[in-house]
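One file, data_16.pdb, is given below (PDB, C-alpha atoms).
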```
ATOM      1  CA  ASP A 843      38.971  89.573-126.689
ATOM      2  CA  ALA A 844      36.107  87.144-127.126
ATOM      3  CA  GLU A 845      35.550  85.946-130.653
ATOM      4  CA  ILE A 846      33.915  83.374-132.862
ATOM      5  CA  THR A 847      36.061  81.455-135.325
ATOM      6  CA  GLN A 848      35.310  79.097-138.176
ATOM      7  CA  SER A 849      37.488  76.556-139.905
ATOM      8  CA  PRO A 850      38.348  75.900-142.577
ATOM      9  CA  ARG A 851      37.787  79.238-144.312
ATOM     10  CA  HIS A 852      37.681  77.548-147.702
ATOM     11  CA  LYS A 853      36.889  73.945-148.567
ATOM     12  CA  ILE A 854      36.531  72.063-151.820
ATOM     13  CA  THR A 855      35.055  68.596-151.687
ATOM     14  CA  GLU A 856      33.409  66.035-153.904
ATOM     15  CA  THR A 857      29.810  64.946-154.117
ATOM     16  CA  GLY A 858      28.981  62.231-151.590
ATOM     17  CA  ARG A 859      31.787  62.973-149.153
ATOM     18  CA  GLN A 860      31.141  63.796-145.513
ATOM     19  CA  VAL A 861      32.273  67.271-144.514
ATOM     20  CA  THR A 862      32.462  68.908-141.100
ATOM     21  CA  LEU A 863      32.712  72.644-140.606
ATOM     22  CA  ALA A 864      33.959  73.845-137.234
ATOM     23  CA  CYS A 865      32.653  76.762-135.190
ATOM     24  CA  HIS A 866      34.239  77.863-131.907
ATOM     25  CA  GLN A 867      33.188  80.793-129.733
ATOM     26  CA  THR A 868      34.818  82.239-126.641
ATOM     27  CA  TRP A 869      31.888  84.498-125.697
ATOM     28  CA  ASN A 870      30.479  81.777-123.413
ATOM     29  CA  HIS A 871      27.140  82.211-125.165
ATOM     30  CA  ASN A 872      24.401  79.641-124.730
ATOM     31  CA  ASN A 873      22.901  80.139-128.194
ATOM     32  CA  MET A 874      24.676  79.100-131.379
ATOM     33  CA  PHE A 875      23.422  79.163-134.970
ATOM     34  CA  TRP A 876      24.437  77.957-138.404
ATOM     35  CA  TYR A 877      23.357  79.818-141.559
ATOM     36  CA  ARG A 878      24.016  79.454-145.238
ATOM     37  CA  GLN A 879      24.254  82.477-147.515
ATOM     38  CA  ASP A 880      23.274  82.256-151.164
ATOM     39  CA  LEU A 881      22.791  85.032-153.674
ATOM     40  CA  GLY A 882      19.265  86.368-153.560
ATOM     41  CA  HIS A 883      18.360  84.473-150.389
ATOM     42  CA  GLY A 884      20.160  86.350-147.658
ATOM     43  CA  LEU A 885      21.006  84.133-144.699
ATOM     44  CA  ARG A 886      18.924  81.043-144.037
ATOM     45  CA  LEU A 887      18.974  79.181-140.749
ATOM     46  CA  ILE A 888      20.210  75.578-140.902
ATOM     47  CA  HIS A 889      20.415  74.445-137.263
ATOM     48  CA  TYR A 890      20.607  76.085-133.868
ATOM     49  CA  SER A 891      21.309  75.225-130.249
ATOM     50  CA  TYR A 892      20.288  76.802-126.961
ATOM     51  CA  GLY A 893      22.839  74.928-124.886
ATOM     52  CA  VAL A 894      24.816  71.735-124.380
ATOM     53  CA  GLN A 895      23.023  68.665-125.730
ATOM     54  CA  ASP A 896      20.315  70.842-127.314
ATOM     55  CA  THR A 897      19.928  71.049-131.107
ATOM     56  CA  ASN A 898      17.054  72.220-133.303
ATOM     57  CA  LYS A 899      16.283  72.217-137.015
ATOM     58  CA  GLY A 900      16.061  75.456-138.894
ATOM     59  CA  GLU A 901      14.534  76.447-142.203
ATOM     60  CA  VAL A 902      16.938  74.459-144.427
ATOM     61  CA  SER A 903      18.164  71.545-142.290
ATOM     62  CA  ASP A 904      17.890  68.653-144.780
ATOM     63  CA  GLY A 905      21.300  67.074-145.381
ATOM     64  CA  TYR A 906      22.916  68.749-142.357
ATOM     65  CA  SER A 907      23.425  67.773-138.730
ATOM     66  CA  VAL A 908      24.935  69.369-135.630
ATOM     67  CA  SER A 909      25.902  68.259-132.145
ATOM     68  CA  ARG A 910      26.621  70.325-129.038
ATOM     69  CA  SER A 911      28.897  68.605-126.540
ATOM     70  CA  ASN A 912      30.209  71.787-124.893
ATOM     71  CA  THR A 913      29.373  75.482-124.730
ATOM     72  CA  GLU A 914      32.112  76.634-127.094
ATOM     73  CA  ASP A 915      31.633  74.444-130.176
ATOM     74  CA  LEU A 916      28.871  73.657-132.671
ATOM     75  CA  PRO A 917      30.274  71.667-135.618
ATOM     76  CA  LEU A 918      28.134  71.393-138.747
ATOM     77  CA  THR A 919      28.252  68.100-140.663
ATOM     78  CA  LEU A 920      27.170  67.507-144.217
ATOM     79  CA  GLU A 921      26.533  63.765-144.215
ATOM     80  CA  SER A 922      26.819  63.330-147.998
ATOM     81  CA  ALA A 923      27.738  66.538-149.730
ATOM     82  CA  ALA A 924      25.671  67.631-152.733
ATOM     83  CA  SER A 925      26.338  70.336-155.306
ATOM     84  CA  SER A 926      23.304  72.208-153.976
ATOM     85  CA  GLN A 927      25.211  72.657-150.717
ATOM     86  CA  THR A 928      27.840  74.826-152.361
ATOM     87  CA  SER A 929      27.491  78.007-150.358
ATOM     88  CA  VAL A 930      29.030  80.280-147.763
ATOM     89  CA  TYR A 931      28.354  79.095-144.232
ATOM     90  CA  PHE A 932      28.224  81.372-141.212
ATOM     91  CA  CYS A 933      28.208  80.481-137.560
ATOM     92  CA  ALA A 934      26.815  82.898-134.962
ATOM     93  CA  SER A 935      26.288  83.014-131.221
ATOM     94  CA  SER A 936      24.224  85.081-128.800
ATOM     95  CA  GLU A 937      23.392  85.317-125.140
ATOM     96  CA  GLY A 938      20.287  83.555-123.921
ATOM     97  CA  LEU A 939      17.729  86.374-123.909
ATOM     98  CA  ALA A 940      15.499  86.969-126.912
ATOM     99  CA  GLY A 941      16.441  89.937-129.021
ATOM    100  CA  ASN A 942      20.129  89.885-128.185
ATOM    101  CA  GLU A 943      22.661  90.575-130.894
ATOM    102  CA  GLN A 944      24.110  87.602-132.737
ATOM    103  CA  PHE A 945      27.871  87.699-133.240
ATOM    104  CA  PHE A 946      29.065  86.190-136.493
ATOM    105  CA  GLY A 947      32.128  84.272-137.534
ATOM    106  CA  PRO A 948      34.037  85.096-140.735
ATOM    107  CA  GLY A 949      32.374  82.341-142.761
ATOM    108  CA  THR A 950      33.420  79.183-144.610
ATOM    109  CA  ARG A 951      33.189  79.022-148.379
ATOM    110  CA  LEU A 952      32.318  75.449-149.356
ATOM    111  CA  THR A 953      32.427  74.181-152.918
ATOM    112  CA  VAL A 954      31.019  70.748-153.740
ATOM    113  CA  LEU A 955      32.166  69.408-157.098
TER     114      LEU A 955
ATOM    115  CA  ALA B 909       5.014  83.572-140.059
ATOM    116  CA  GLN B 910       7.548  86.297-139.661
ATOM    117  CA  SER B 911       9.348  87.598-142.720
ATOM    118  CA  VAL B 912      11.487  90.479-143.886
ATOM    119  CA  THR B 913      11.396  92.176-147.272
ATOM    120  CA  GLN B 914      14.135  94.377-148.656
ATOM    121  CA  PRO B 915      12.731  95.590-151.959
ATOM    122  CA  ASP B 916      15.974  97.040-153.315
ATOM    123  CA  ILE B 917      18.542  94.475-154.439
ATOM    124  CA  HIS B 918      21.184  97.016-155.416
ATOM    125  CA  ILE B 919      21.470 100.761-154.811
ATOM    126  CA  THR B 920      24.145 103.171-156.044
ATOM    127  CA  VAL B 921      24.578 106.580-154.435
ATOM    128  CA  SER B 922      27.187 109.283-154.819
ATOM    129  CA  GLU B 923      29.703 109.840-152.075
ATOM    130  CA  GLY B 924      28.395 112.529-149.738
ATOM    131  CA  ALA B 925      24.776 111.935-150.705
ATOM    132  CA  SER B 926      22.106 110.764-148.293
ATOM    133  CA  LEU B 927      21.027 107.157-148.105
ATOM    134  CA  GLU B 928      17.837 105.322-147.235
ATOM    135  CA  LEU B 929      17.543 101.542-147.396
ATOM    136  CA  ARG B 930      14.054 100.133-147.152
ATOM    137  CA  CYS B 931      12.886  97.272-144.962
ATOM    138  CA  ASN B 932       9.412  95.895-144.343
ATOM    139  CA  TYR B 933       8.669  93.130-141.879
ATOM    140  CA  SER B 934       5.842  90.827-140.976
ATOM    141  CA  TYR B 935       5.508  89.806-137.338
ATOM    142  CA  GLY B 936       2.554  89.256-135.079
ATOM    143  CA  ALA B 937       3.803  91.073-132.014
ATOM    144  CA  THR B 938       6.191  93.896-131.268
ATOM    145  CA  PRO B 939       9.300  92.813-133.116
ATOM    146  CA  TYR B 940      12.960  92.896-132.343
ATOM    147  CA  LEU B 941      14.490  94.584-135.392
ATOM    148  CA  PHE B 942      18.087  94.677-136.547
ATOM    149  CA  TRP B 943      20.270  96.062-139.294
ATOM    150  CA  TYR B 944      23.516  94.239-140.037
ATOM    151  CA  VAL B 945      26.286  95.143-142.484
ATOM    152  CA  GLN B 946      28.536  92.736-144.353
ATOM    153  CA  SER B 947      31.718  93.926-146.018
ATOM    154  CA  PRO B 948      33.087  91.778-148.857
ATOM    155  CA  GLY B 949      34.498  88.494-147.573
ATOM    156  CA  GLN B 950      33.515  89.244-143.995
ATOM    157  CA  GLY B 951      30.941  88.142-141.469
ATOM    158  CA  LEU B 952      28.019  90.283-140.407
ATOM    159  CA  GLN B 953      28.320  93.190-138.000
ATOM    160  CA  LEU B 954      25.445  94.761-136.093
ATOM    161  CA  LEU B 955      24.699  98.378-137.030
ATOM    162  CA  LEU B 956      21.741  98.956-134.725
ATOM    163  CA  LYS B 957      18.726  97.310-133.143
ATOM    164  CA  TYR B 958      15.242  98.219-131.950
ATOM    165  CA  PHE B 959      13.356  96.612-129.086
ATOM    166  CA  SER B 960      10.977  99.224-127.755
ATOM    167  CA  GLY B 961      10.789 102.864-126.763
ATOM    168  CA  ASP B 962      12.094 105.626-128.986
ATOM    169  CA  THR B 963      11.287 104.727-132.567
ATOM    170  CA  LEU B 964      14.397 106.475-133.923
ATOM    171  CA  VAL B 965      17.437 104.350-133.193
ATOM    172  CA  GLN B 966      21.032 105.461-133.513
ATOM    173  CA  GLY B 967      23.719 103.007-134.507
ATOM    174  CA  ILE B 968      27.385 102.814-135.316
ATOM    175  CA  LYS B 969      29.118 104.501-138.242
ATOM    176  CA  GLY B 970      26.572 107.347-138.323
ATOM    177  CA  PHE B 971      23.589 105.177-139.267
ATOM    178  CA  GLU B 972      20.087 105.504-137.866
ATOM    179  CA  ALA B 973      16.801 103.686-138.409
ATOM    180  CA  GLU B 974      13.187 104.553-137.753
ATOM    181  CA  PHE B 975      10.563 102.040-136.653
ATOM    182  CA  LYS B 976       7.121 102.773-138.071
ATOM    183  CA  ARG B 977       4.586 100.320-136.739
ATOM    184  CA  SER B 978       1.772 101.585-138.989
ATOM    185  CA  GLN B 979       3.871 100.859-142.076
ATOM    186  CA  SER B 980       5.626  97.741-140.719
ATOM    187  CA  SER B 981       8.859  99.370-141.748
ATOM    188  CA  PHE B 982      12.332  99.829-140.316
ATOM    189  CA  ASN B 983      14.266 101.892-142.863
ATOM    190  CA  LEU B 984      17.967 102.578-142.475
ATOM    191  CA  ARG B 985      19.323 106.080-143.134
ATOM    192  CA  LYS B 986      22.593 107.938-143.268
ATOM    193  CA  PRO B 987      22.865 111.662-144.018
ATOM    194  CA  SER B 988      26.136 111.474-145.957
ATOM    195  CA  VAL B 989      27.695 108.252-147.221
ATOM    196  CA  HIS B 990      31.395 107.519-147.449
ATOM    197  CA  TRP B 991      33.143 105.204-149.906
ATOM    198  CA  SER B 992      33.770 102.821-146.990
ATOM    199  CA  ASP B 993      30.005 102.305-146.619
ATOM    200  CA  ALA B 994      29.960 100.149-149.752
ATOM    201  CA  ALA B 995      28.748  96.770-148.481
ATOM    202  CA  GLU B 996      25.732  94.467-148.221
ATOM    203  CA  TYR B 997      23.076  95.507-145.718
ATOM    204  CA  PHE B 998      20.660  93.111-144.104
ATOM    205  CA  CYS B 999      17.485  93.911-142.224
ATOM    206  CA  ALA B1000      16.346  91.248-139.776
ATOM    207  CA  VAL B1001      13.551  90.475-137.338
ATOM    208  CA  GLY B1002      14.070  88.489-134.151
ATOM    209  CA  ASP B1003      11.572  86.347-132.313
ATOM    210  CA  LYS B1004      11.118  85.482-128.650
ATOM    211  CA  ALA B1005      13.066  82.266-129.185
ATOM    212  CA  SER B1006      16.250  84.206-130.016
ATOM    213  CA  LYS B1007      16.098  83.271-133.687
ATOM    214  CA  ILE B1008      16.614  85.914-136.352
ATOM    215  CA  ILE B1009      15.065  85.980-139.818
ATOM    216  CA  PHE B1010      17.083  87.928-142.385
ATOM    217  CA  GLY B1011      15.991  89.785-145.458
ATOM    218  CA  SER B1012      17.667  89.022-148.766
ATOM    219  CA  GLY B1013      19.931  92.043-148.471
ATOM    220  CA  THR B1014      20.621  95.285-150.330
ATOM    221  CA  ARG B1015      23.981  95.830-151.956
ATOM    222  CA  LEU B1016      25.181  99.407-151.676
ATOM    223  CA  SER B1017      27.650 100.828-154.182
ATOM    224  CA  ILE B1018      29.198 104.286-153.836
ATOM    225  CA  ARG B1019      29.808 106.467-156.860
ATOM    226  CA  PRO B1020      32.967 108.613-156.493
TER     227      PRO B1020
END
```
Could the structure of this file be written out as structure tokens, please?
Amino acid sequence: DAEITQSPRHKITETGRQVTLACHQTWNHNNMFWYRQDLGHGLRLIHYSYGVQDTNKGEVSDGYSVSRSNTEDLPLTLESAASSQTSVYFCASSEGLAGNEQFFGPGTRLTVL
Amino acid sequence: AQSVTQPDIHITVSEGASLELRCNYSYGATPYLFWYVQSPGQGLQLLLKYFSGDTLVQGIKGFEAEFKRSQSSFNLRKPSVHWSDAAEYFCAVGDKASKIIFGSGTRLSIRP
């Protein structure tokens, strides 16, 4: 069955370190998204991609970057982790047409000390 | 700009009782509307979606939602809740660029 996976599931890091969260999907979807989930805020869009070599900034992109070198993967990098980036991160993917369902990964809980 | 409001942060209902979760949206055109559910420690799962046509939409797990354009609402309903329905529920609006804006969520607790 097609799926979307994230790794690691839990990560503890220190302020100032670079951190990369992995997202891999086997749906062969063109669209991929990264969200962060914080209490009281729901899910907020960090970055998204419509295909290989395409990346776009979302609502809360400061301090994050992504790259899309193939269809299956969209890694999220925190260049210099800050305590404000402690959160649960979700990756999602969807087919190209507007209004299609996004399929979500299980999430990564990141703690920045 | 598009936005989604879920006015209820936390709702508790008795098992077997009916449920209605409220959602209001702001969007300039006919919206794509979604309801997702998140069980503790899990990702989000789609319950149902509305694009056009019949304003009453049926979803999985016995849920339904009604689109009311005049009220800019898309409320989620279930006639009889089960203890397994305890979860976080998110209303969302999608745009023509395939992005989705989520509401802040409503946590549902079930009273035995």
Gap from CA of Gly1013 in chain B to CA of Asp993 in chain B - Å, one decimal
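Computed distance, CA of Gly1013 in chain B to CA of Asp993 in chain B, equals 14.5 Å.
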Residues within 10 Å of (3.7, 82.8, -141.3), file coords, all atoms listed in the file, listed as a ChimeraX atom specification:
/B:909-911,934-936
Rows by chain and residue number, range 981-1008 of chain B within 12 Å of range 927-934 of chain A, shortest pair, all atoms listed in the file, as CSV:
```
residue,atom,partner,partner_atom,distance
B:Ser1006,CA,A:Ala934,CA,11.7
B:Lys1007,CA,A:Ala934,CA,10.8
B:Ile1008,CA,A:Ala934,CA,10.7
```
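Candidate residues A:Gly893, A:Arg886, A:Thr919, A:Arg951 were compared for distance to His871 in chain A, and the nearest is A:Gly893, using all atoms listed in the file.
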Once you count all atoms listed in the file, which residues of chain A turn out to be within 6 Å of chain B? Could you give them as a tab-separated table (two decimals) with C-alpha atoms, in the coordinates of the input?
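As a result, part_34.tsv now contains:
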```tsv
chain	number	residue	atom	x	y	z
A	882	GLY	CA	19.26	86.37	-153.56
A	883	HIS	CA	18.36	84.47	-150.39
A	884	GLY	CA	20.16	86.35	-147.66
A	885	LEU	CA	21.01	84.13	-144.70
A	940	ALA	CA	15.50	86.97	-126.91
A	941	GLY	CA	16.44	89.94	-129.02
A	946	PHE	CA	29.06	86.19	-136.49
A	947	GLY	CA	32.13	84.27	-137.53
A	948	PRO	CA	34.04	85.10	-140.74
```
Between CA of Ser926 in chain A and CA of Asp896 in chain A, what is the distance in Å, rounded to a tenth?
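Separation of CA of Ser926 in chain A and CA of Asp896 in chain A: 26.9 Å.
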With the PyMOL selection byres ((chain A and resi 923) around 10) as the selection, what would be picked from this file? Answer as an NGL selection string, please.
:A and (855-861 or 905-906 or 919-922 or 924-928 or 953-955)
For each of B:Gly924, B:Ser960, B:Ser981, B:Glu974, take the minimum atom-to-atom distance to Val912 in chain B, counting only C-alpha atoms, then give the residue where this is smallest.
B:Ser981
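Neighbouring residues of Thr913 in chain B at 7 Å or closer, counting all atoms listed in the file and skipping chain neighbours under 5 positions away, are Cys931, Asn932, Tyr933 and Gly1011 of chain B.
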For the residues in that selection, give me C-alpha atoms as a tab-separated table (two decimals), in the frame of the given file.
```tsv
chain	number	residue	atom	x	y	z
B	931	CYS	CA	12.89	97.27	-144.96
B	932	ASN	CA	9.41	95.90	-144.34
B	933	TYR	CA	8.67	93.13	-141.88
B	1011	GLY	CA	15.99	89.78	-145.46
```
Can you give me all heavy atoms for range 869-880 of chain A, written as a compact mmCIF listing (two decimals), keeping the file's coordinate frame?
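This went into result-v2.txt:
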```txt
# COMPACT_ATOMS: atom_id res chain seq x y z
N TRP A 869 32.79 83.56 -126.38
CA TRP A 869 31.89 84.50 -125.70
C TRP A 869 31.20 83.85 -124.50
O TRP A 869 30.56 84.54 -123.71
CB TRP A 869 30.80 84.98 -126.67
CG TRP A 869 31.30 85.86 -127.76
CD1 TRP A 869 31.62 85.49 -129.04
CD2 TRP A 869 31.50 87.29 -127.69
NE1 TRP A 869 32.02 86.58 -129.77
CE2 TRP A 869 31.96 87.70 -128.97
CE3 TRP A 869 31.36 88.23 -126.69
CZ2 TRP A 869 32.26 89.03 -129.27
CZ3 TRP A 869 31.65 89.56 -126.98
CH2 TRP A 869 32.10 89.94 -128.25
N ASN A 870 31.22 82.52 -124.42
CA ASN A 870 30.48 81.78 -123.41
C ASN A 870 28.97 81.95 -123.60
O ASN A 870 28.20 81.98 -122.63
CB ASN A 870 30.88 82.20 -121.99
CG ASN A 870 30.49 81.15 -120.95
OD1 ASN A 870 30.51 79.96 -121.23
ND2 ASN A 870 30.12 81.60 -119.76
N HIS A 871 28.55 82.06 -124.86
CA HIS A 871 27.14 82.21 -125.16
C HIS A 871 26.44 80.85 -125.16
O HIS A 871 26.99 79.85 -125.59
CB HIS A 871 26.97 82.83 -126.57
CG HIS A 871 27.28 84.28 -126.61
ND1 HIS A 871 27.57 84.93 -127.80
CD2 HIS A 871 27.33 85.23 -125.64
CE1 HIS A 871 27.78 86.22 -127.55
NE2 HIS A 871 27.64 86.42 -126.24
N ASN A 872 25.19 80.87 -124.70
CA ASN A 872 24.40 79.64 -124.73
C ASN A 872 23.91 79.31 -126.14
O ASN A 872 23.83 78.16 -126.53
CB ASN A 872 23.19 79.76 -123.80
CG ASN A 872 23.59 79.67 -122.34
OD1 ASN A 872 24.53 78.97 -121.99
ND2 ASN A 872 22.88 80.37 -121.49
N ASN A 873 23.52 80.35 -126.88
CA ASN A 873 22.90 80.14 -128.19
C ASN A 873 23.94 80.12 -129.30
O ASN A 873 24.81 81.00 -129.36
CB ASN A 873 21.90 81.25 -128.50
CG ASN A 873 20.83 81.39 -127.43
OD1 ASN A 873 20.52 80.43 -126.72
ND2 ASN A 873 20.29 82.59 -127.31
N MET A 874 23.82 79.15 -130.20
CA MET A 874 24.68 79.10 -131.38
C MET A 874 23.83 78.74 -132.59
O MET A 874 22.85 77.98 -132.48
CB MET A 874 25.82 78.10 -131.21
CG MET A 874 26.81 78.51 -130.11
SD MET A 874 28.24 77.44 -129.99
CE MET A 874 29.17 77.90 -131.46
N PHE A 875 24.22 79.28 -133.75
CA PHE A 875 23.42 79.16 -134.97
C PHE A 875 24.33 78.87 -136.16
O PHE A 875 25.45 79.35 -136.22
CB PHE A 875 22.68 80.48 -135.25
CG PHE A 875 21.87 81.00 -134.09
CD1 PHE A 875 22.48 81.76 -133.10
CD2 PHE A 875 20.53 80.72 -134.00
CE1 PHE A 875 21.74 82.25 -132.02
CE2 PHE A 875 19.77 81.20 -132.92
CZ PHE A 875 20.38 81.96 -131.95
N TRP A 876 23.79 78.14 -137.11
CA TRP A 876 24.44 77.96 -138.40
C TRP A 876 23.51 78.47 -139.50
O TRP A 876 22.32 78.12 -139.53
CB TRP A 876 24.76 76.49 -138.68
CG TRP A 876 26.07 76.04 -138.16
CD1 TRP A 876 26.32 75.27 -137.07
CD2 TRP A 876 27.35 76.31 -138.74
NE1 TRP A 876 27.66 75.05 -136.91
CE2 TRP A 876 28.32 75.68 -137.93
CE3 TRP A 876 27.79 77.04 -139.86
CZ2 TRP A 876 29.69 75.75 -138.20
CZ3 TRP A 876 29.14 77.11 -140.13
CH2 TRP A 876 30.08 76.46 -139.30
N TYR A 877 24.07 79.28 -140.42
CA TYR A 877 23.36 79.82 -141.56
C TYR A 877 24.12 79.47 -142.84
O TYR A 877 25.32 79.29 -142.83
CB TYR A 877 23.28 81.34 -141.50
CG TYR A 877 22.52 81.92 -140.32
CD1 TYR A 877 23.18 82.21 -139.14
CD2 TYR A 877 21.17 82.20 -140.42
CE1 TYR A 877 22.50 82.77 -138.07
CE2 TYR A 877 20.47 82.76 -139.35
CZ TYR A 877 21.15 83.04 -138.19
OH TYR A 877 20.47 83.59 -137.13
N ARG A 878 23.38 79.46 -143.93
CA ARG A 878 24.02 79.45 -145.24
C ARG A 878 23.59 80.71 -145.97
O ARG A 878 22.45 81.19 -145.81
CB ARG A 878 23.69 78.20 -146.04
CG ARG A 878 22.24 77.96 -146.35
CD ARG A 878 22.06 76.71 -147.22
NE ARG A 878 22.54 76.93 -148.59
CZ ARG A 878 22.62 75.97 -149.52
NH1 ARG A 878 22.29 74.73 -149.21
NH2 ARG A 878 23.04 76.24 -150.73
N GLN A 879 24.52 81.25 -146.77
CA GLN A 879 24.25 82.48 -147.51
C GLN A 879 24.38 82.20 -148.99
O GLN A 879 25.44 81.79 -149.47
CB GLN A 879 25.22 83.59 -147.11
CG GLN A 879 24.91 84.91 -147.81
CD GLN A 879 25.82 86.03 -147.38
OE1 GLN A 879 26.96 85.83 -146.99
NE2 GLN A 879 25.32 87.26 -147.44
N ASP A 880 23.31 82.43 -149.71
CA ASP A 880 23.27 82.26 -151.16
C ASP A 880 22.73 83.52 -151.80
O ASP A 880 21.84 84.17 -151.24
CB ASP A 880 22.39 81.06 -151.53
CG ASP A 880 22.82 79.78 -150.83
OD1 ASP A 880 23.89 79.26 -151.21
OD2 ASP A 880 22.13 79.34 -149.89
```
